[in-house]
Structure formats: C-alpha cells, structure tokens
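Asks: Structure incoming, see below.
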Amino acid sequence: MTDLTRLSLAALRDGIAKKDFTALEAADAYVSAIEAAKEKLNAYVAVTADKARDMARASDERIAKGEAGPLEGVPLGVKDLFATQGVHTQAASHILDGFKPEYESAVTSNLWRDGAVMLGKLNMDEFAMGSSNESSYYGPVINPWRGKDSNTDLVPGGSSGGSAAAVSAWLCAGATATDTGGSIRQPAAFTGTVGIKPTYGRCSRWGVVAFASSLDQAGPIARTVEDSAIMLSSMCGFDPRDSTSVDMAVPDFAAAVERGVKGLTIGVPREYRMEGMPAEIEKLWQQGLDWLKAEGATIKEISLPNTRYALPAYYIVAPAEASSNLARYDGVKYGLRVPGKDITEMYEFSRAEGFGREVKRRVMIGTYVLSAGYYDAYYVRAQKVRTLIKKDFEDAFAAGVDAILTPATPSAAFGIADQDMSSDPVKMYLNDVFTVTVNMAGLPGIAVPAGKNGEGLPLGLQLIGKPFDEETLFAAARVIEKSAALDLAPSKWWS
Amino acid sequence: MSVDADTVRRIGRLARIRISEDEVSAYEGELNAILGFVEQLGEVDVSDVEPMTSVTPMVLRRREDAVTDGGHADRIVSNAPLTEDNFFMVPKVVE
C-alpha cells in the first residue's frame, strides 16, 4: 500500500473522498510517522493521537453519509500559538505551563468545520519570537534537511519552525502557522515548503496567542502551492470577535492556482539587492524572474525607498505591542506562579522564571520605548516610518505592478547554536530583512521553493501582492513551483 | 540614546520582571545593541507624516451595547494556579 503521508494534501483529500482509503488510515499513518520522528526532529510539543482517531472516524461517517467538507479527513498539525479546547496551548512557553483553553481559536474552528483532523500541537519559538525555533521552552526543532554528506543539525527557521519541519518531514499534510515578521515565510523557505501570510484581516486573530497585534496574521504551511491555497480558503473568514477581521467574501483560492501570469507585471525592488547578497540568492532571484517572463509576465524595476528602515521600525513596533500583550501573564489567571513575599514579588518572580531570554529582552525593549519621555522619539516615529513603508508599496501598485518578486531569506538554513547569531540579537533579526516589510504594510506574501544551494539545501523566493489579492500570489507561485520542478523530499534520516 | 545599569533595573521593575544583579550587564549590552540598530530611524524625514494607526483603512466596528455572553465563572478560573469560590486568589494587597 502507498505511504499515505507522502501524498499531497489535495491527493489525500481526494483519495479519502473516493474511499480509496479511510480518514482513519490516514490519521494512523501520520500518528505512526510522528512517533517515529519524535526524538529526532522535536516538531510536536503535544500529540493528540486519540483525538485524531476520533475526528477521523467522524470524518469517515460523514463521507459515508455524503456530507464531506472541503478538508474532510485531512490530518493537520496546529502551531502551539492557536488555542485548542482542552489541548496543550502554551505558545511553547514555560509561563503557560499546563494551560488548556476552554475555547477554540477561530482559525482552527474553521478547519474542523471543514472536516480536518487534528494530529497535535507544533513546536515554535516562544511566543513566536525568533527566527530559528531555538527560543522554545521545549527545545529546538531540527530541520529535516541536511547539507550534502553532512550530519550537522540545521534550524528549520522560526517562529513556525515546528510547522515547517512537520510538513517537510511528512508528519502532517499541512500545518497552521502565524507570521508577525516572517514567521511563516522564512521557515517555509528553510524547509522547501510553501507558506503564505495572507493580507492582514483575512484570518481572525481570535484565539491566537497575541504577540504584536497590528502585525500578527495566521496562514498555512503546506507541501505545494495548491495545498496551501486549499488550506487558506478554509482558514479565512469574517469573525466579529476580532475587531480587525475584514468582512469580505473568501475566494476559492485553489481555483486561482493554475491561472498563470500572462499579462501580469512583476515588480523587482532595487532596494532588495542588498550589499553582500550571496551569489546563489542573486542567481535564484534572476532565475525566478526569467521563469515568470517565459510564462508571459512583464518584469519592471521598481523602487521601495524606505525598505531599509522596515526592520528597525519593526524592532520598535513589535516589542512595544508585545510588552503590552504579554502583561497578562502574571501568575494569577493561568500558567506558572512563583510565590513571593507580596504580590509584586510574585509577578516579578513568575515572569522572570516563566519567560525565556528572548521574550524578556523584547518585553524590556518594548517597555523602554513606551516609557515616559521616549514614546514620541521611538514608537510614534516608528509608526510614521511605517506609513512611509506602506506608501512605497501603494505607489508601486498604483504604477501598474501586480506582484513583487524578492528572495525570501538572505541565506539557506543555518546550524543549530550558530555562534554569530547567538552572540548578537541583531544578526538573528536580519533573517527577516525581506519579509518584515510585508507585515509592516499589512500585505499578503508567499514563500515558494525555487532552488537549492551548493549544499543541496532548499532556497525560497517571496511574492508580495496587493491587499486581498492572494489569488495572484498563488498563480505566480505556481509558475515558479512548476518551472523549478524540484525534488523536495529530504532524505529520511530521522526514522 | 543608550541605557545604563540603573535604567535596566528600572525597566525590569516597570515590566515586572525580576532582573538579578548578575544579569544586568548582559541586558545592558543587548538592549544597547538593539537601540543602536533602531537609531537609524532618526535619518528619516517624518515631518508631515501621519503615524499608522490602522493597517487596513477601516473604521473600527461597533456592536450593540448588550450582554452577549457570560455565566462562565467556573470556566474562566479553571486554569488559575489558585482559586476559591470562583475567585482568583493572590497574596494580600491591602493591609
């Protein structure tokens, strides 16, 4: 019998619908794969095998009755940032020890409504703060990919490192993820998977543990462009419980995947041609442009002059919002409590022990930039710069650009405990240099595998779209996926 | 602008995170590295630029001022480290 975990999400769904195999068989295949990889990859922080089987049985019953939903029987992994009723939800943090929500997030509710099956909760950087998945309380996730003839462990990227690694290593058919500065697109690029951050407002933030509310957006990571489109259609939708949720019809994104790029204008921002950019990234980018051109797109050089200020502005806005959002973890309402001689000491001890170093660093920066006397110099200035960054994109789109092509990351996956990165927080932050502008402007962005480096590690390209025009991104990403025709199966060393 | 050891202690108090004395100098270095990095925003001419307050151009929705949910006190306290009769229990705050 075929290994069900190797099928694309679309093929698995269709096979279940046609009763070639059952949803229960699919769930069992994935649960076994997860168990076999557990110690080596550390992608899951909680496996809900019984729940998966119960949900799969219910799917099989619905199929028998002819009531199948668009994701009926498809086993998915869920990033630990999404509240799942009665199931481990800790944002991979010590401070949420034992937290099992009494409610279900909007995005996961939508997935279960459409018939998907939950396999468990996926590892991530603590509170989604990180680009290597090394800040997790549960330890780092290991990238299923390794360099040619190498046994060195690589990071899967972050913060959705568990999501990306699990999808790439066939430990789920697709995964939910979130993206505040690049946390879907960077790990997708590092693992040879497809990740899309939709337009801000498309996915409800209700029930997603908040990091930086004006930047956070959920999206899928999947093995193909089509799979990511199928998942996104189910994840999106208006939700009155999120004040920034947008009341707009959700397109059938999968229908746009084969639309092609004929007649589209693809922008190439000259400011993304960073000094010291590795030749292999430069080459990948040019190759992507050539593929789009060959399929009928017009390439146009554009300027996004404020690009270089996006990352510094982000490192004011995101920590500021985080310091406010994370004030709720106080040892009173849920999670870890460390006793002290009075209530202030209890707060201080609980937060000192409960938060990891990167989270504390960001809460401290956020507290500082919002403190009396500094608010205008830092926070207000950063929000003004953000207006300028958004305007750069608006000008490009107004001049006839339909989508923008850039590299997804400045390099391929790097090693665990990289000395350079761990000694200087700013070096780690530079991982998001191509992705963070998109969050600052609230635009949709997709990362798609486009090539491999000399070591055989996957490299991704990013497409940035107009607000609410994810369809063009799926169409253009599909052209790149098809043209690249990569073998995206890492060699299976973990089981 | 840069922070010194006293500022690190003060931010720790404001953030309600206990910073031990042997951590102060490491935080001082890290926070100054980040503040040094964001310093370049000073180059940007932001005169006559409005700060971004809404990502998508939209007016915040309002809803009817009515009770739509409630009666879940037991579920609300179900994850608390210490509760009694559906109250959160904390160390004494009033003498």
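All residue names refer to the structure tokens as shown: chains lettered A, B, ... in order, residues numbered from 1 in each chain, ligands numbered from 1 in order.
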Step one, run DSSP on the backbone; step two, keep only residues of stretch 31-149 of chain A assigned to strand (DSSP E or B); then write them as a list in words.
Replies: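 Put together, the selection reads Tyr44, Val45, Ala46, Val47, Pro75, Leu76, Gly77, Val78, Lys79, Phe82, Thr84, Val87, Val117, Met118, Leu119, Gly120, Lys121 and Leu122 of chain A.
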Asks: With C-alpha atoms kept, could you save the residues just selected as a tab-separated table (two decimals), in the first residue's frame?
Replies:
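Saved result, selection-v9.tsv, follows:
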```
chain	number	residue	atom	x	y	z
A	44	TYR	CA	5.48	18.36	18.06
A	45	VAL	CA	5.04	19.53	21.67
A	46	ALA	CA	1.82	17.52	22.11
A	47	VAL	CA	0.40	14.65	20.06
A	75	PRO	CA	-4.72	15.35	9.21
A	76	LEU	CA	-3.19	18.70	10.17
A	77	GLY	CA	-0.71	19.97	12.74
A	78	VAL	CA	-1.51	23.12	14.72
A	79	LYS	CA	1.07	25.65	15.88
A	82	PHE	CA	-3.57	28.59	18.49
A	84	THR	CA	-7.36	24.41	21.08
A	87	VAL	CA	-5.49	20.63	24.49
A	117	VAL	CA	-8.37	16.20	11.71
A	118	MET	CA	-6.02	17.44	14.45
A	119	LEU	CA	-2.77	15.49	15.00
A	120	GLY	CA	-1.34	17.68	17.75
A	121	LYS	CA	0.41	20.91	18.62
A	122	LEU	CA	3.58	22.06	16.91
```
Asks: Using only C-alpha atoms, which chain B residues lie at most 7 Å away from chain A, written as JSON, numbers by chain?
Replies: {"B": [11, 12, 15, 16, 17, 18, 31, 34, 37, 38, 41, 46, 49, 50, 51, 52, 55, 60, 61, 75, 77, 79, 80, 81, 88, 90, 91, 92, 93]}
Asks: For N, CA and C atoms, I'd like the residues from the last selection saved as an mmCIF file, in the first residue's frame.
Replies:
```cif
data_model
loop_
_atom_site.group_PDB
_atom_site.id
_atom_site.type_symbol
_atom_site.label_atom_id
_atom_site.label_comp_id
_atom_site.auth_asym_id
_atom_site.auth_seq_id
_atom_site.Cartn_x
_atom_site.Cartn_y
_atom_site.Cartn_z
ATOM 1 N N ILE B 11 13.673 49.476 34.043
ATOM 2 C CA ILE B 11 12.802 48.832 33.039
ATOM 3 C C ILE B 11 12.307 47.488 33.582
ATOM 4 N N GLY B 12 13.198 46.748 34.234
ATOM 5 C CA GLY B 12 12.810 45.475 34.830
ATOM 6 C C GLY B 12 11.656 45.654 35.813
ATOM 7 N N ALA B 15 8.473 46.481 33.890
ATOM 8 C CA ALA B 15 7.981 45.304 33.162
ATOM 9 C C ALA B 15 7.597 44.170 34.109
ATOM 10 N N ARG B 16 7.807 44.377 35.397
ATOM 11 C CA ARG B 16 7.529 43.344 36.408
ATOM 12 C C ARG B 16 8.277 42.048 36.088
ATOM 13 N N ILE B 17 9.548 42.211 35.726
ATOM 14 C CA ILE B 17 10.424 41.057 35.519
ATOM 15 C C ILE B 17 11.611 41.241 36.453
ATOM 16 N N ARG B 18 11.820 40.308 37.369
ATOM 17 C CA ARG B 18 12.938 40.423 38.291
ATOM 18 C C ARG B 18 14.251 40.199 37.536
ATOM 19 N N LEU B 31 20.353 45.375 25.098
ATOM 20 C CA LEU B 31 19.393 46.451 24.830
ATOM 21 C C LEU B 31 20.062 47.574 24.054
ATOM 22 N N ILE B 34 20.320 46.677 20.378
ATOM 23 C CA ILE B 34 19.050 46.846 19.662
ATOM 24 C C ILE B 34 18.739 48.339 19.481
ATOM 25 N N PHE B 37 20.739 49.753 16.788
ATOM 26 C CA PHE B 37 20.224 49.334 15.481
ATOM 27 C C PHE B 37 19.036 50.198 15.046
ATOM 28 N N VAL B 38 18.141 50.528 15.969
ATOM 29 C CA VAL B 38 16.946 51.296 15.578
ATOM 30 C C VAL B 38 17.237 52.796 15.469
ATOM 31 N N LEU B 41 16.537 55.195 12.384
ATOM 32 C CA LEU B 41 15.247 55.803 12.040
ATOM 33 C C LEU B 41 15.313 57.322 12.163
ATOM 34 N N VAL B 46 10.264 62.591 8.837
ATOM 35 C CA VAL B 46 8.877 62.197 9.095
ATOM 36 C C VAL B 46 7.981 63.410 9.353
ATOM 37 N N VAL B 49 4.169 63.497 8.286
ATOM 38 C CA VAL B 49 3.729 62.112 8.066
ATOM 39 C C VAL B 49 2.859 61.699 9.247
ATOM 40 N N GLU B 50 1.697 61.150 8.939
ATOM 41 C CA GLU B 50 0.809 60.655 9.994
ATOM 42 C C GLU B 50 1.291 59.282 10.475
ATOM 43 N N PRO B 51 1.311 59.040 11.773
ATOM 44 C CA PRO B 51 1.652 57.680 12.227
ATOM 45 C C PRO B 51 0.564 56.690 11.812
ATOM 46 N N MET B 52 0.965 55.479 11.453
ATOM 47 C CA MET B 52 -0.024 54.473 11.071
ATOM 48 C C MET B 52 -0.775 53.984 12.312
ATOM 49 N N VAL B 55 -3.996 49.195 10.074
ATOM 50 C CA VAL B 55 -3.282 48.530 8.989
ATOM 51 C C VAL B 55 -4.096 48.582 7.704
ATOM 52 N N LEU B 60 -13.155 51.227 13.021
ATOM 53 C CA LEU B 60 -13.407 50.134 13.956
ATOM 54 C C LEU B 60 -14.915 49.877 14.075
ATOM 55 N N ARG B 61 -15.263 48.615 13.921
ATOM 56 C CA ARG B 61 -16.683 48.262 14.007
ATOM 57 C C ARG B 61 -17.209 48.486 15.414
ATOM 58 N N ARG B 75 -15.429 28.296 34.310
ATOM 59 C CA ARG B 75 -14.529 28.026 33.180
ATOM 60 C C ARG B 75 -13.423 29.079 33.122
ATOM 61 N N VAL B 77 -11.975 30.609 35.619
ATOM 62 C CA VAL B 77 -10.925 30.377 36.625
ATOM 63 C C VAL B 77 -10.308 28.972 36.522
ATOM 64 N N ASN B 79 -8.170 27.535 34.769
ATOM 65 C CA ASN B 79 -6.715 27.390 34.560
ATOM 66 C C ASN B 79 -5.886 28.137 35.590
ATOM 67 N N ALA B 80 -6.518 28.769 36.559
ATOM 68 C CA ALA B 80 -5.770 29.607 37.506
ATOM 69 C C ALA B 80 -4.974 28.741 38.483
ATOM 70 N N PRO B 81 -3.772 29.207 38.863
ATOM 71 C CA PRO B 81 -2.958 28.442 39.819
ATOM 72 C C PRO B 81 -3.648 28.306 41.177
ATOM 73 N N PHE B 88 -10.083 34.497 41.787
ATOM 74 C CA PHE B 88 -8.633 34.312 41.686
ATOM 75 C C PHE B 88 -8.025 34.659 43.035
ATOM 76 N N VAL B 90 -4.815 35.795 45.318
ATOM 77 C CA VAL B 90 -3.482 36.414 45.221
ATOM 78 C C VAL B 90 -2.992 36.750 46.626
ATOM 79 N N PRO B 91 -1.679 36.995 46.772
ATOM 80 C CA PRO B 91 -1.185 37.426 48.083
ATOM 81 C C PRO B 91 -1.889 38.720 48.513
ATOM 82 N N LYS B 92 -1.972 38.933 49.804
ATOM 83 C CA LYS B 92 -2.675 40.090 50.360
ATOM 84 C C LYS B 92 -2.138 41.402 49.769
ATOM 85 N N VAL B 93 -3.046 42.278 49.265
ATOM 86 C CA VAL B 93 -2.605 43.532 48.661
ATOM 87 C C VAL B 93 -2.987 44.749 49.498
#
```
Asks: Where in stretch 5-38 of chain B does DSSP assign alpha helix (DSSP H), given as a PyMOL selection string?
Replies: chain B and resi 5-14+24-38
Asks: Just give me the gap between atom CA of A:Ile266 and atom CA of A:Glu295 in Å, one decimal is fine.
Replies: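 Atom CA of A:Glu295 lies 11.8 Å from atom CA of A:Ile266.
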Asks: Which value, in Å to one decimal, gives the distance between atom CA of A:Thr307 and atom CA of A:Glu394?
Replies: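 The value is 13.3 Å.
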Asks: Within 7 Å of A:Gly460, counting only C-alpha atoms, which residues qualify if same-chain residues fewer than 4 places away don't, as number ranges by chain?
Replies: A: 189, 407-408, 447-451
Asks: Using N, CA and C atoms, can you export the residues from the last selection as an mmCIF file, in the first residue's frame?
Replies:
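Final output, again_36.cif:
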```
data_model
loop_
_atom_site.group_PDB
_atom_site.id
_atom_site.type_symbol
_atom_site.label_atom_id
_atom_site.label_comp_id
_atom_site.auth_asym_id
_atom_site.auth_seq_id
_atom_site.Cartn_x
_atom_site.Cartn_y
_atom_site.Cartn_z
ATOM 1 N N ALA A 189 10.831 28.723 3.587
ATOM 2 C CA ALA A 189 11.988 28.788 2.690
ATOM 3 C C ALA A 189 13.100 27.843 3.158
ATOM 4 N N PRO A 407 13.852 37.696 -2.947
ATOM 5 C CA PRO A 407 14.260 36.497 -2.213
ATOM 6 C C PRO A 407 13.412 36.385 -0.934
ATOM 7 N N ALA A 408 13.275 35.176 -0.406
ATOM 8 C CA ALA A 408 12.523 35.012 0.848
ATOM 9 C C ALA A 408 13.436 35.224 2.053
ATOM 10 N N ALA A 447 5.946 32.432 0.288
ATOM 11 C CA ALA A 447 7.285 31.904 0.030
ATOM 12 C C ALA A 447 7.125 30.577 -0.684
ATOM 13 N N VAL A 448 7.872 30.414 -1.770
ATOM 14 C CA VAL A 448 7.757 29.188 -2.571
ATOM 15 C C VAL A 448 9.170 28.675 -2.868
ATOM 16 N N PRO A 449 9.389 27.344 -2.764
ATOM 17 C CA PRO A 449 10.713 26.804 -3.059
ATOM 18 C C PRO A 449 11.065 27.058 -4.522
ATOM 19 N N ALA A 450 12.300 27.510 -4.772
ATOM 20 C CA ALA A 450 12.671 27.877 -6.135
ATOM 21 C C ALA A 450 14.011 27.286 -6.556
ATOM 22 N N GLY A 451 14.763 26.751 -5.620
ATOM 23 C CA GLY A 451 16.069 26.206 -5.977
ATOM 24 C C GLY A 451 16.752 25.615 -4.766
#
```
Asks: From the list B:Leu82, B:Ala73, B:Thr7, B:Met89, which residue is nearest B:Asn32 when using only C-alpha atoms?
Replies: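 Nearest to B:Asn32: B:Thr7.
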Asks: Report, in Å to a single decimal, how far apart atom CA of A:Asn431 and atom CA of A:Leu171 are.
Replies: 25.6 Å
